[in-house]
Every structure is written in C-alpha cells, then in structure tokens.
$ cat work.cif   # mmCIF, C-alpha atoms
data_run
#
loop_
_atom_site.label_atom_id
_atom_site.label_comp_id
_atom_site.auth_asym_id
_atom_site.auth_seq_id
_atom_site.Cartn_x
_atom_site.Cartn_y
_atom_site.Cartn_z
CA MET A 547 35.34 -57.13 -21.35
CA ASN A 548 36.11 -53.40 -21.23
CA MET A 549 33.42 -51.21 -19.77
CA PRO A 550 32.56 -48.07 -21.76
CA PHE A 551 34.05 -44.88 -20.30
CA SER A 552 31.51 -42.83 -18.39
CA PRO A 553 32.60 -39.39 -17.20
CA GLN A 554 31.79 -38.46 -13.65
CA ALA A 555 28.79 -36.26 -13.05
CA ILE A 556 29.43 -32.67 -12.06
CA THR A 557 27.38 -30.76 -9.55
CA VAL A 558 27.44 -27.04 -8.82
CA ARG A 559 26.91 -25.28 -5.53
CA ILE A 560 27.29 -21.74 -4.28
CA LEU A 561 29.58 -20.79 -1.40
CA ALA A 562 28.37 -17.68 0.38
CA GLN A 563 29.91 -18.02 3.84
CA ASP A 564 33.41 -17.39 5.13
CA ASP A 565 34.29 -21.06 5.58
CA GLN A 566 38.07 -21.14 6.03
CA ASN A 567 38.40 -24.79 5.06
CA GLU A 568 36.52 -24.20 1.83
CA LEU A 569 38.47 -21.04 1.06
CA LYS A 570 41.76 -22.85 1.59
CA ARG A 571 40.61 -25.58 -0.79
CA ILE A 572 39.69 -22.97 -3.40
CA ASP A 573 43.03 -21.22 -2.95
CA LYS A 574 44.91 -24.48 -3.53
CA PHE A 575 42.88 -25.16 -6.68
CA VAL A 576 43.72 -21.68 -8.00
CA CYS A 577 47.42 -21.93 -7.17
CA ASP A 578 47.67 -25.41 -8.73
CA HIS A 579 45.89 -24.37 -11.94
CA ALA A 580 48.13 -23.14 -14.77
CA GLU A 581 45.70 -20.34 -15.59
CA GLY A 582 44.94 -19.31 -12.03
CA THR A 583 45.58 -15.67 -11.12
CA ALA A 584 45.73 -13.57 -7.99
CA PHE A 585 42.24 -12.34 -8.89
CA HIS A 586 40.78 -15.85 -8.55
CA ARG A 587 42.12 -16.22 -5.02
CA PRO A 588 39.89 -15.80 -1.96
CA ALA A 589 42.38 -13.21 -0.67
CA TRP A 590 41.31 -10.87 -3.48
CA THR A 591 37.60 -11.61 -3.22
CA MET A 592 37.51 -11.10 0.53
CA ALA A 593 39.62 -7.93 0.42
CA VAL A 594 37.29 -6.33 -2.14
CA SER A 595 34.23 -7.27 -0.09
CA LYS A 596 35.70 -5.98 3.15
CA ALA A 597 36.90 -2.66 1.74
CA CYS A 598 34.10 -1.78 -0.67
CA GLY A 599 31.07 -3.34 0.98
CA HIS A 600 30.00 -5.61 -1.87
CA GLU A 601 28.83 -9.14 -1.21
CA TRP A 602 30.69 -12.07 -2.75
CA ARG A 603 29.93 -15.59 -3.93
CA TYR A 604 32.02 -18.52 -5.15
CA MET A 605 30.42 -20.84 -7.70
CA LEU A 606 31.96 -24.30 -7.28
CA ALA A 607 31.77 -27.27 -9.66
CA GLU A 608 32.67 -30.67 -8.16
CA ASN A 609 32.79 -34.26 -9.37
CA ASP A 610 31.31 -37.32 -7.65
CA ASP A 611 34.34 -37.51 -5.35
CA GLY A 612 33.87 -33.92 -4.20
CA GLU A 613 36.95 -32.72 -6.08
CA LEU A 614 36.86 -29.21 -7.48
CA GLN A 615 36.52 -29.05 -11.26
CA ALA A 616 35.95 -25.31 -11.64
CA VAL A 617 35.59 -22.16 -9.57
CA LEU A 618 34.11 -18.75 -10.29
CA PRO A 619 34.65 -15.85 -7.85
CA LEU A 620 31.95 -13.20 -8.09
CA THR A 621 31.62 -9.70 -6.67
CA LEU A 622 28.03 -8.50 -6.36
CA VAL A 623 28.37 -4.87 -7.42
CA HIS A 624 25.61 -2.42 -6.49
CA SER A 625 25.94 1.17 -7.69
CA ALA A 626 23.42 3.95 -8.15
CA LEU A 627 25.65 5.40 -10.89
CA PHE A 628 26.84 2.27 -12.67
CA GLY A 629 24.10 -0.27 -12.04
CA ARG A 630 24.12 -3.82 -10.70
CA ALA A 631 26.43 -6.51 -12.00
CA LEU A 632 28.04 -9.82 -11.09
CA VAL A 633 31.72 -9.30 -11.78
CA SER A 634 34.61 -11.78 -11.89
CA SER A 635 36.63 -10.45 -10.49
CA GLY A 636 35.59 -7.19 -8.91
CA PHE A 637 38.14 -4.34 -9.15
CA ALA A 638 40.40 -6.65 -11.16
CA VAL A 639 41.59 -6.94 -14.75
CA GLY A 640 41.33 -10.72 -14.64
CA GLY A 641 39.18 -13.49 -13.26
CA GLY A 642 36.45 -15.42 -14.99
CA ILE A 643 35.84 -19.15 -14.80
CA LEU A 644 38.83 -21.28 -13.83
CA SER A 645 38.03 -24.78 -15.02
CA LEU A 646 39.31 -28.25 -15.83
CA SER A 647 36.68 -29.00 -18.51
CA ASP A 648 34.29 -27.36 -20.96
CA HIS A 649 31.38 -29.08 -19.25
CA ALA A 650 32.24 -27.56 -15.88
CA THR A 651 32.68 -24.16 -17.52
CA GLU A 652 29.22 -24.22 -19.05
CA MET A 653 27.62 -25.38 -15.81
CA LEU A 654 29.18 -22.53 -13.84
CA ALA A 655 28.21 -20.01 -16.51
CA ASP A 656 24.60 -21.20 -16.43
CA THR A 657 24.55 -21.08 -12.63
CA ALA A 658 25.96 -17.56 -12.57
CA TRP A 659 23.36 -16.33 -15.04
CA GLY A 660 20.57 -18.06 -13.17
CA PHE A 661 21.73 -16.36 -9.97
CA ALA A 662 21.82 -13.01 -11.78
CA GLU A 663 18.23 -13.41 -12.99
CA VAL A 664 16.90 -14.40 -9.58
CA HIS A 665 18.66 -11.52 -7.81
CA SER A 666 18.03 -8.81 -10.45
CA PHE A 667 21.55 -8.33 -11.78
CA SER A 668 21.25 -7.21 -15.39
CA THR A 669 24.87 -8.03 -16.29
CA VAL A 670 27.46 -10.73 -15.64
CA GLU A 671 31.08 -9.85 -16.52
CA LEU A 672 33.77 -12.54 -16.78
CA ARG A 673 37.12 -10.76 -17.07
CA GLY A 674 39.15 -13.57 -18.53
CA GLY A 675 38.99 -17.33 -18.79
CA PRO A 676 37.02 -19.33 -21.36
CA THR A 677 34.02 -17.77 -23.06
CA PRO A 678 30.82 -19.75 -22.43
CA CYS A 679 28.54 -20.65 -25.32
CA ASP A 680 25.00 -19.58 -26.06
CA LYS A 681 24.10 -15.98 -25.22
CA TRP A 682 27.47 -14.76 -23.94
CA GLN A 683 29.19 -11.98 -25.87
CA ASN A 684 32.93 -12.27 -26.43
CA LYS A 685 34.25 -8.75 -25.95
CA ASP A 686 37.64 -8.73 -27.66
CA GLY A 687 39.84 -6.21 -29.44
CA VAL A 688 39.40 -3.67 -26.64
CA TYR A 689 42.11 -4.62 -24.15
CA ALA A 690 45.51 -6.25 -24.43
CA GLY A 691 47.75 -7.86 -21.84
CA PHE A 692 51.53 -7.62 -21.69
CA VAL A 693 53.62 -10.45 -20.24
CA THR A 694 57.28 -11.34 -20.81
CA ASP A 695 60.06 -13.35 -19.22
CA LEU A 696 62.49 -11.65 -16.87
CA ALA A 697 66.22 -11.61 -17.66
CA ASP A 698 68.79 -13.38 -15.49
CA SER A 699 70.63 -10.29 -14.19
CA ASP A 700 70.25 -6.53 -13.71
CA GLU A 701 72.53 -5.84 -16.66
CA ASN A 702 70.73 -8.23 -18.99
CA GLN A 703 67.39 -6.86 -17.84
CA LEU A 704 68.48 -3.39 -18.92
CA LEU A 705 69.78 -4.70 -22.24
CA ALA A 706 66.46 -6.48 -22.84
CA ILE A 707 64.70 -3.11 -22.93
CA PRO A 708 64.54 -1.60 -26.46
CA ARG A 709 67.13 1.09 -27.14
CA LYS A 710 64.94 4.22 -26.89
CA GLN A 711 63.23 3.11 -23.69
CA ARG A 712 66.56 1.91 -22.28
CA ALA A 713 67.90 5.44 -22.76
CA GLU A 714 65.03 6.79 -20.64
CA VAL A 715 65.82 4.31 -17.87
CA ARG A 716 69.50 5.30 -17.95
CA LYS A 717 68.57 8.99 -17.67
CA GLY A 718 66.45 8.18 -14.64
CA LEU A 719 69.21 6.16 -13.01
CA LYS A 720 71.50 9.19 -13.23
CA ASN A 721 69.11 11.23 -11.08
CA GLU A 722 70.20 9.45 -7.89
CA LEU A 723 66.65 8.45 -7.02
CA VAL A 724 66.14 6.20 -4.00
CA VAL A 725 64.11 3.00 -4.29
CA ARG A 726 62.32 1.71 -1.19
CA ILE A 727 60.41 -1.56 -0.94
CA GLY A 728 58.10 -2.49 1.92
CA SER A 729 54.58 -2.96 3.19
CA ASP A 730 54.34 -0.96 6.40
CA GLU A 731 52.29 2.16 7.03
CA VAL A 732 54.74 4.64 5.50
CA ASP A 733 54.89 2.55 2.31
CA ARG A 734 51.10 2.38 2.14
CA SER A 735 50.63 6.07 2.88
CA ASP A 736 53.22 7.24 0.34
CA HIS A 737 51.85 4.88 -2.30
CA TYR A 738 48.28 6.07 -1.87
CA ARG A 739 49.30 9.73 -1.98
CA VAL A 740 51.19 9.23 -5.25
CA TYR A 741 48.58 6.96 -6.80
CA ALA A 742 45.70 9.30 -5.90
CA GLU A 743 47.46 12.22 -7.56
CA SER A 744 48.26 10.11 -10.60
CA VAL A 745 44.68 8.99 -11.26
CA ARG A 746 43.31 12.50 -10.59
CA ASN A 747 45.66 13.75 -13.31
CA LEU A 748 44.20 11.10 -15.61
CA GLY A 749 40.67 12.22 -14.75
CA THR A 750 39.48 9.16 -12.85
CA PRO A 751 38.31 8.75 -9.23
CA VAL A 752 40.66 7.01 -6.82
CA PHE A 753 39.66 3.79 -5.04
CA PRO A 754 39.28 3.89 -1.25
CA LYS A 755 42.53 3.54 0.67
CA ALA A 756 40.80 0.75 2.58
CA LEU A 757 40.92 -1.37 -0.59
CA PHE A 758 44.69 -1.09 -0.85
CA ASP A 759 45.09 -1.84 2.85
CA ALA A 760 42.76 -4.84 2.65
CA VAL A 761 44.69 -6.29 -0.31
CA MET A 762 48.00 -5.76 1.49
CA ASP A 763 46.68 -7.45 4.63
CA ALA A 764 45.09 -10.37 2.75
CA PHE A 765 48.02 -11.25 0.47
CA GLY A 766 50.78 -10.97 3.05
CA GLU A 767 54.11 -11.95 1.50
CA ASP A 768 52.52 -12.10 -1.97
CA VAL A 769 52.28 -8.31 -2.25
CA ASP A 770 54.57 -5.34 -1.69
CA ILE A 771 55.03 -1.68 -2.54
CA LEU A 772 57.99 -0.22 -4.39
CA THR A 773 58.39 3.54 -4.07
CA VAL A 774 60.82 5.89 -5.82
CA LEU A 775 61.89 8.94 -3.81
CA ASN A 776 63.57 12.17 -4.83
CA ASP A 777 65.18 14.09 -1.96
CA GLY A 778 63.04 12.06 0.43
CA GLU A 779 59.75 12.79 -1.37
CA PRO A 780 57.82 9.95 -3.07
CA VAL A 781 57.40 10.65 -6.79
CA ALA A 782 56.42 7.21 -8.11
CA SER A 783 55.02 4.13 -6.42
CA VAL A 784 53.52 0.77 -7.35
CA LEU A 785 51.69 -1.97 -5.46
CA SER A 786 52.56 -5.34 -6.98
CA LEU A 787 51.01 -8.79 -6.69
CA TYR A 788 53.06 -12.00 -6.86
CA HIS A 789 51.51 -15.24 -8.05
CA ASN A 790 53.11 -18.46 -9.25
CA GLY A 791 56.40 -16.92 -10.34
CA THR A 792 54.85 -13.83 -11.94
CA VAL A 793 54.92 -10.26 -10.69
CA MET A 794 52.12 -7.88 -11.66
CA PRO A 795 52.57 -4.16 -10.96
CA TYR A 796 48.88 -3.49 -10.40
CA TRP A 797 48.26 -0.09 -8.87
CA GLY A 798 51.04 2.27 -9.86
CA GLY A 799 51.54 5.90 -10.74
CA GLY A 800 53.68 8.97 -10.51
CA THR A 801 53.43 12.68 -9.73
CA TYR A 802 53.96 15.43 -12.28
CA GLU A 803 57.58 15.56 -11.16
CA ALA A 804 58.01 11.86 -11.98
CA ARG A 805 58.03 12.52 -15.72
CA ARG A 806 60.95 14.95 -15.53
CA LEU A 807 62.90 12.59 -13.30
CA ARG A 808 62.02 9.47 -15.35
CA ALA A 809 60.90 8.02 -12.01
CA ASN A 810 58.34 5.68 -13.56
CA ASP A 811 61.03 4.21 -15.80
CA VAL A 812 63.31 3.66 -12.82
CA MET A 813 60.38 2.17 -10.88
CA TYR A 814 59.54 -0.55 -13.38
CA TYR A 815 63.16 -1.43 -14.04
CA ALA A 816 63.79 -1.70 -10.28
CA LEU A 817 60.67 -3.85 -9.91
CA MET A 818 61.89 -6.24 -12.61
CA ASN A 819 65.15 -6.75 -10.74
CA HIS A 820 63.42 -7.02 -7.37
CA ALA A 821 60.97 -9.60 -8.70
CA ARG A 822 63.78 -11.72 -10.10
CA GLU A 823 65.49 -11.63 -6.70
CA ARG A 824 62.22 -12.85 -5.20
CA GLY A 825 62.30 -15.83 -7.55
CA CYS A 826 59.91 -14.60 -10.25
CA GLN A 827 60.40 -15.60 -13.87
CA ARG A 828 57.75 -13.43 -15.56
CA PHE A 829 56.65 -9.80 -15.54
CA ASP A 830 52.96 -9.08 -16.18
CA PHE A 831 52.50 -5.43 -17.11
CA GLY A 832 48.73 -5.80 -16.83
CA ARG A 833 46.11 -4.72 -19.32
CA SER A 834 45.78 -1.54 -21.37
CA LYS A 835 43.16 -0.37 -23.80
CA VAL A 836 44.28 -0.65 -27.40
CA GLY A 837 45.41 2.68 -28.80
CA THR A 838 46.03 4.44 -25.48
CA GLY A 839 49.24 5.96 -24.16
CA ALA A 840 49.61 3.14 -21.63
CA TYR A 841 49.39 0.60 -24.47
CA SER A 842 52.19 2.37 -26.36
CA PHE A 843 54.29 2.76 -23.19
CA LYS A 844 54.28 -0.99 -22.59
CA LYS A 845 55.12 -1.75 -26.21
CA ASN A 846 58.07 0.64 -25.89
CA TRP A 847 59.41 -1.63 -23.16
CA GLY A 848 59.49 -4.51 -25.65
CA PHE A 849 56.30 -6.24 -24.49
CA GLU A 850 54.15 -7.81 -27.19
CA PRO A 851 50.41 -7.18 -26.72
CA GLN A 852 48.21 -10.23 -26.26
CA ALA A 853 44.48 -9.87 -26.88
CA LEU A 854 42.32 -10.25 -23.78
CA PHE A 855 38.86 -11.76 -23.96
CA TYR A 856 36.01 -10.78 -21.67
CA ALA A 857 32.70 -12.66 -21.69
CA ILE A 858 29.59 -10.59 -20.95
CA ARG A 859 25.94 -11.51 -20.72
CA THR A 860 23.07 -9.08 -20.27
CA GLY A 861 19.34 -9.42 -19.89
CA ASP A 862 17.10 -8.97 -22.90
CA GLY A 863 16.99 -5.34 -23.92
CA GLU A 864 19.69 -4.34 -21.42
CA GLU A 865 22.77 -2.35 -22.43
CA VAL A 866 26.25 -3.54 -21.51
CA ARG A 867 27.49 -1.74 -18.40
CA ASP A 868 30.15 0.83 -19.32
CA VAL A 869 32.65 1.71 -16.58
CA ASN A 870 35.60 2.43 -18.85
CA PRO A 871 36.90 5.98 -18.18
CA MET A 872 38.18 6.09 -21.78
CA SER A 873 34.61 5.78 -23.07
CA PRO A 874 33.44 8.83 -25.08
CA LYS A 875 30.39 9.11 -22.80
CA TYR A 876 32.68 10.12 -19.90
CA ARG A 877 34.84 12.61 -21.82
CA LEU A 878 33.33 15.67 -20.12
CA GLN A 879 33.46 14.10 -16.65
CA VAL A 880 37.11 13.14 -17.11
CA ALA A 881 38.03 16.67 -18.18
CA LEU A 882 36.26 18.15 -15.16
CA TRP A 883 37.81 15.66 -12.75
CA GLN A 884 41.31 16.56 -13.91
CA LYS A 885 40.69 20.14 -12.78
CA LEU A 886 39.53 19.26 -9.26
CA PRO A 887 41.78 20.17 -6.34
CA LEU A 888 43.45 16.98 -5.13
CA SER A 889 41.86 17.27 -1.69
CA VAL A 890 38.38 17.36 -3.22
CA ALA A 891 39.11 14.52 -5.66
CA ASN A 892 40.41 12.37 -2.81
CA ARG A 893 37.22 12.92 -0.79
CA LEU A 894 34.76 12.30 -3.61
CA GLY A 895 36.71 9.70 -5.57
CA PRO A 896 36.36 6.72 -3.20
CA ILE A 897 32.59 7.24 -2.93
CA ILE A 898 32.24 6.98 -6.73
CA ALA A 899 34.95 4.37 -7.32
CA LYS A 900 33.42 1.84 -4.92
CA GLY A 901 30.62 1.37 -7.44
CA LEU A 902 32.88 0.70 -10.43
CA GLY A 903 33.74 -2.88 -9.50
#

$ encode --input "work.cif" --output "structure tokens"
Amino acid sequence: MNMPFSPQAITVRILAQDDQNELKRIDKFVCDHAEGTAFHRPAWTMAVSKACGHEWRYMLAENDDGELQAVLPLTLVHSALFGRALVSSGFAVGGGILSLSDHATEMLADTAWGFAEVHSFSTVELRGGPTPCDKWQNKDGVYAGFVTDLADSDENQLLAIPRKQRAEVRKGLKNELVVRIGSDEVDRSDHYRVYAESVRNLGTPVFPKALFDAVMDAFGEDVDILTVLNDGEPVASVLSLYHNGTVMPYWGGGTYEARRLRANDVMYYALMNHARERGCQRFDFGRSKVGTGAYSFKKNWGFEPQALFYAIRTGDGEEVRDVNPMSPKYRLQVALWQKLPLSVANRLGPIIAKGLG
C-alpha cells in the first residue's frame, strides 16, 4: 500500500552571528541556486556591514533534515535622513528571497515582517526574487535589467553591437587609450577618483571608499577593476562582480573627458572581452530606471530591457521609503550637488550615502 505524500515541515531561524560554517553553507546554497546572485552571498552582506556600519541578519528556512530551503540576506538600515528599513540586499540592485518553494518563500517573508515590527522598521524592501502574497506591494515598471550572452571572440563581440554604438566604440579604439585591469591599491584609488567625479556630475553623493575596499577584499578573485587611461590619467573605470559565469559592471563611471574620448564605450567593450577570457558567458549591464539616459544607453548596445520586480511592505499609514535620486522630490538637491566642488562632495557624500542602503 502506498503511503500518501507528506511534505517535510519547514522551520525558520535567524542567523545574527559571524559563524563561518553557516556562512559557507549559505554561500554554497546561493552559488548552487540558478537565481542566486552576488548580492545574496555573505561576502556582500558582510562587506556592507563592515564598511557602512549597518547590522545584518540572514533569515534561513530549513527542512526536517536541516537542509536549506530558502535564504534572505537583510541589511538593517538606520538613517536620520532616509529612515529605517530592512533591505535585501543593502547597497545592491538585487537580492530578495532565494527559495526552493513557495511555502519557504512565504515563511521567510512573514518572519522578516515580524522582525521589522518588533524592531521598529517601517519598511522591508526585497530587491528581486519572488513577490510574497498578502500585504506586499509589487513595485514594477520602474526599473529594468539588461542581460545578454557574450560573443565567442573580440571581433564577433564588436559585430554584435548595433551599428551606431559600434561606430562609437571604433572611434574610442582609435584614441590609443590604455586598458588596465587589477585589484591593487592604484586600481582602487583610480577607480574611486573617477567614480566619485562621475556621480557628483550626476548629482548624487558617493559611497564611502571603505565600501569599495570591503567588497574587493571580500570577493577576492570574483571581483576586479578595469580602468581606461589617457596619457596615463584614468578617465573611465568600473568595478565588476563575477558570479556563476556572469559579469556585472556594478560601480562604473567616467570623467568629463571620457565622453570626448569615448572612454566609456571602450571600457565596456574591453570588459566584455575580458569577461569572456575569464570564462564568462553572460554580461549583466545592471538595472536602470525606465526612461533615463542610462536605460537608453544600454538599449543602444543591443540589450533588451527586462522588467525588474521589487517587493515592498510598509506599516499601516507609512509611506514607501524613497531613496531614488531620480525622484522629483530630490530635483533641487541633485541640482545643487552637481555644483559642489569635488573636494566638498567627496567629504559630505559618504556621510549621506551610508544611509541610502
């Protein structure tokens, strides 16, 4: 006689201590999961906590055999300017619940919200992954992601770029720019200098350099910096994450001079070729807000936008936390920030940006 199928019970617990055995187990779960990202990995969670001073938690769902069924990394963001929120993942464009079943997803979502209520966090943000049921809002139509396969050679990679954008890359290649790839102090220093100028020009505060250093230290061989130099001076630079055969240029930018030299175009083309040489098969251009210049730039490279879904839950009567610099409420602040001397922006920016999460 066949016994009726009875699914194993799932229990949830919260990891709040730096237990290396547990963190290694979580990392393996993330790397084995088809939808796992660098932002689910303990390396990211710990780097953010170390550099920005926010606490962290991992919500873990396990079956009767103690096997992981779902994980949820959370950054406990405290900011006088931007409020309190549980964010998955902090300072990332991805994260959310990484799960093997709907049941485990719902259990982690309920646990996260219960934790938020007990500890006076008015908002929980899940930046990716499945959207839980009940009182969670599905925030879609705001951001899009851009991912495509890499070509099998430098020549074919260039030919894969649409004609108009390919012409920009070719113009940049004629400028005899030098591409340098590394992770030592000169790479980190040049990257931060270029990135800080780039975000100031966009009107947003720069993250602390400690965050970039912590990510570099935590990810080891799974991160590097590609810098484009003109006459020995860095004009464009990008810090990229590598995860399961995919490269993601995450923190990148260029100086004013980069536009004239087409240095950003050279940078991304060089990164595509470098990533392929590292064994990557996919290029993840990251997220952009629909309708922005960055959104159009990525489409010009032949990437098709894919809608991103963020799940958000707030307490009764609470407004959704808004940390998007493109929001109309920050228009005046953005305009003023663009006019700040770079030295001033670089002193004030990290103090503000640590609270963005």

$ residues_around --input "work.cif" --residues "Lys574 (chain A)" --least-positions-apart "5" --cutoff "12 Å" --atoms "all atoms listed in the file" --output "ChimeraX atom specification"
/A:567-569,579-580,582-584,586-589,613-614,617,790

$ write_last_selection --input "work.cif" --atoms "C-alpha atoms" --output "mmCIF file, in the coordinates of the input"
data_model
loop_
_atom_site.group_PDB
_atom_site.id
_atom_site.type_symbol
_atom_site.label_atom_id
_atom_site.label_comp_id
_atom_site.auth_asym_id
_atom_site.auth_seq_id
_atom_site.Cartn_x
_atom_site.Cartn_y
_atom_site.Cartn_z
ATOM 1 C CA ASN A 567 38.400 -24.790 5.060
ATOM 2 C CA GLU A 568 36.520 -24.200 1.830
ATOM 3 C CA LEU A 569 38.470 -21.040 1.060
ATOM 4 C CA HIS A 579 45.890 -24.370 -11.940
ATOM 5 C CA ALA A 580 48.130 -23.140 -14.770
ATOM 6 C CA GLY A 582 44.940 -19.310 -12.030
ATOM 7 C CA THR A 583 45.580 -15.670 -11.120
ATOM 8 C CA ALA A 584 45.730 -13.570 -7.990
ATOM 9 C CA HIS A 586 40.780 -15.850 -8.550
ATOM 10 C CA ARG A 587 42.120 -16.220 -5.020
ATOM 11 C CA PRO A 588 39.890 -15.800 -1.960
ATOM 12 C CA ALA A 589 42.380 -13.210 -0.670
ATOM 13 C CA GLU A 613 36.950 -32.720 -6.080
ATOM 14 C CA LEU A 614 36.860 -29.210 -7.480
ATOM 15 C CA VAL A 617 35.590 -22.160 -9.570
ATOM 16 C CA ASN A 790 53.110 -18.460 -9.250
#

$ residues_around --input "work.cif" --residues "Gly766 (chain A)" --least-positions-apart "2" --cutoff "12 Å" --atoms "only C-alpha atoms" --output "VMD selection string"
chain A and resid 589 to 590 593 728 to 730 759 to 764 768 to 771 786 to 789

$ residues_around --input "work.cif" --residues "Lys755 (chain A)" --least-positions-apart "5" --cutoff "9 Å" --atoms "all atoms listed in the file" --output "count of residues only"
6

$ atom_distance --input "work.cif" --atom1 "CA of Glu714 (chain A)" --atom2 "CA of Ala690 (chain A)"
23.8 Å

$ atom_distance --input "work.cif" --atom1 "CA of Lys685 (chain A)" --atom2 "CA of Thr557 (chain A)"
28.3 Å

$ atom_distance --input "work.cif" --atom1 "CA of Phe628 (chain A)" --atom2 "CA of Gly749 (chain A)"
17.2 Å

$ residues_around --input "work.cif" --residues "Ser595 (chain A)" --least-positions-apart "2" --cutoff "10 Å" --atoms "all atoms listed in the file" --output "PDB file with C-alpha atoms, keeping the file's coordinate frame"
ATOM      1  CA  TRP A 590      41.310 -10.870  -3.480  1.00  0.00           C
ATOM      2  CA  THR A 591      37.600 -11.610  -3.220  1.00  0.00           C
ATOM      3  CA  MET A 592      37.510 -11.100   0.530  1.00  0.00           C
ATOM      4  CA  ALA A 593      39.620  -7.930   0.420  1.00  0.00           C
ATOM      5  CA  ALA A 597      36.900  -2.660   1.740  1.00  0.00           C
ATOM      6  CA  CYS A 598      34.100  -1.780  -0.670  1.00  0.00           C
ATOM      7  CA  GLY A 599      31.070  -3.340   0.980  1.00  0.00           C
ATOM      8  CA  HIS A 600      30.000  -5.610  -1.870  1.00  0.00           C
ATOM      9  CA  GLU A 601      28.830  -9.140  -1.210  1.00  0.00           C
ATOM     10  CA  TRP A 602      30.690 -12.070  -2.750  1.00  0.00           C
ATOM     11  CA  THR A 621      31.620  -9.700  -6.670  1.00  0.00           C
ATOM     12  CA  LEU A 622      28.030  -8.500  -6.360  1.00  0.00           C
ATOM     13  CA  VAL A 623      28.370  -4.870  -7.420  1.00  0.00           C
ATOM     14  CA  GLY A 636      35.590  -7.190  -8.910  1.00  0.00           C
ATOM     15  CA  LEU A 757      40.920  -1.370  -0.590  1.00  0.00           C
ATOM     16  CA  ALA A 760      42.760  -4.840   2.650  1.00  0.00           C
TER      17      ALA A 760
END

$ closest_residue --input "work.cif" --among "A:Ala631, A:Leu620, A:Val725, A:Ile707" --to "Phe843 (chain A)" --atoms "only C-alpha atoms"
A:Ile707

$ closest_residue --input "work.cif" --among "A:Glu722, A:Asp573, A:Glu731, A:Asp695" --to "Ala821 (chain A)" --atoms "all atoms listed in the file"
A:Asp695

$ closest_residue --input "work.cif" --among "A:Phe758, A:Phe849, A:Tyr741, A:Tyr841" --to "Thr801 (chain A)" --atoms "all atoms listed in the file"
A:Tyr741

$ residues_around --input "work.cif" --residues "Val740 (chain A)" --least-positions-apart "4" --cutoff "12 Å" --atoms "only C-alpha atoms" --output "PDB file with C-alpha atoms, in the coordinates of the input"
ATOM      1  CA  ASP A 733      54.890   2.550   2.310  1.00  0.00           C
ATOM      2  CA  ARG A 734      51.100   2.380   2.140  1.00  0.00           C
ATOM      3  CA  SER A 735      50.630   6.070   2.880  1.00  0.00           C
ATOM      4  CA  ASP A 736      53.220   7.240   0.340  1.00  0.00           C
ATOM      5  CA  SER A 744      48.260  10.110 -10.600  1.00  0.00           C
ATOM      6  CA  VAL A 745      44.680   8.990 -11.260  1.00  0.00           C
ATOM      7  CA  ARG A 746      43.310  12.500 -10.590  1.00  0.00           C
ATOM      8  CA  ASN A 747      45.660  13.750 -13.310  1.00  0.00           C
ATOM      9  CA  VAL A 752      40.660   7.010  -6.820  1.00  0.00           C
ATOM     10  CA  LYS A 755      42.530   3.540   0.670  1.00  0.00           C
ATOM     11  CA  ILE A 771      55.030  -1.680  -2.540  1.00  0.00           C
ATOM     12  CA  LEU A 772      57.990  -0.220  -4.390  1.00  0.00           C
ATOM     13  CA  THR A 773      58.390   3.540  -4.070  1.00  0.00           C
ATOM     14  CA  VAL A 774      60.820   5.890  -5.820  1.00  0.00           C
ATOM     15  CA  LEU A 775      61.890   8.940  -3.810  1.00  0.00           C
ATOM     16  CA  GLU A 779      59.750  12.790  -1.370  1.00  0.00           C
ATOM     17  CA  PRO A 780      57.820   9.950  -3.070  1.00  0.00           C
ATOM     18  CA  VAL A 781      57.400  10.650  -6.790  1.00  0.00           C
ATOM     19  CA  ALA A 782      56.420   7.210  -8.110  1.00  0.00           C
ATOM     20  CA  SER A 783      55.020   4.130  -6.420  1.00  0.00           C
ATOM     21  CA  VAL A 784      53.520   0.770  -7.350  1.00  0.00           C
ATOM     22  CA  LEU A 785      51.690  -1.970  -5.460  1.00  0.00           C
ATOM     23  CA  TRP A 797      48.260  -0.090  -8.870  1.00  0.00           C
ATOM     24  CA  GLY A 798      51.040   2.270  -9.860  1.00  0.00           C
ATOM     25  CA  GLY A 799      51.540   5.900 -10.740  1.00  0.00           C
ATOM     26  CA  GLY A 800      53.680   8.970 -10.510  1.00  0.00           C
ATOM     27  CA  THR A 801      53.430  12.680  -9.730  1.00  0.00           C
ATOM     28  CA  TYR A 802      53.960  15.430 -12.280  1.00  0.00           C
ATOM     29  CA  GLU A 803      57.580  15.560 -11.160  1.00  0.00           C
ATOM     30  CA  ALA A 804      58.010  11.860 -11.980  1.00  0.00           C
ATOM     31  CA  ALA A 809      60.900   8.020 -12.010  1.00  0.00           C
ATOM     32  CA  ASN A 810      58.340   5.680 -13.560  1.00  0.00           C
ATOM     33  CA  LEU A 888      43.450  16.980  -5.130  1.00  0.00           C
ATOM     34  CA  ASN A 892      40.410  12.370  -2.810  1.00  0.00           C
TER      35      ASN A 892
END

$ resolve_selection --input "work.cif" --expression "the PyMOL selection byres ((chain A and resi 660-672) around 7)" --output "list in words"
Arg630, Ala631, Leu632, Val633, Ser634, Gly641, Gly642, Asp656, Thr657, Ala658, Trp659, Arg673, Gly674, Tyr856, Ala857, Ile858, Arg859, Thr860, Gly861 and Glu864 of chain A

$ resolve_selection --input "work.cif" --expression "the PyMOL selection byres ((chain A and resi 637) around 8)" --output "list in words"
Val594, Ser635, Gly636, Ala638, Val639, Leu902 and Gly903 of chain A

$ resolve_selection --input "work.cif" --expression "the PyMOL selection byres ((chain A and resi 851) around 8)" --output "list in words"
Ala690, Gly691, Phe692, Val693, Lys845, Phe849, Glu850, Gln852 and Ala853 of chain A

$ closest_residue --input "work.cif" --among "A:Val890, A:Arg739, A:Glu767, A:Glu865" --to "Gly629 (chain A)" --atoms "all atoms listed in the file"
A:Glu865

$ axis_aligned_box --input "work.cif" --around "region 790-798 of chain A" --padding-each-side "8 Å" --output "AutoDock Vina command-line options"
--center_x 52.3 --center_y -8.1 --center_z -10.4 --size_x 24.1 --size_y 36.7 --size_z 19.1

$ closest_residue --input "work.cif" --among "A:Ser889, A:Gln827, A:Gln703, A:Ser645" --to "Gly848 (chain A)" --atoms "all atoms listed in the file"
A:Gln703

$ closest_residue --input "work.cif" --among "A:Val558, A:Val715, A:Met813, A:Leu696" --to "Val793 (chain A)" --atoms "only C-alpha atoms"
A:Leu696
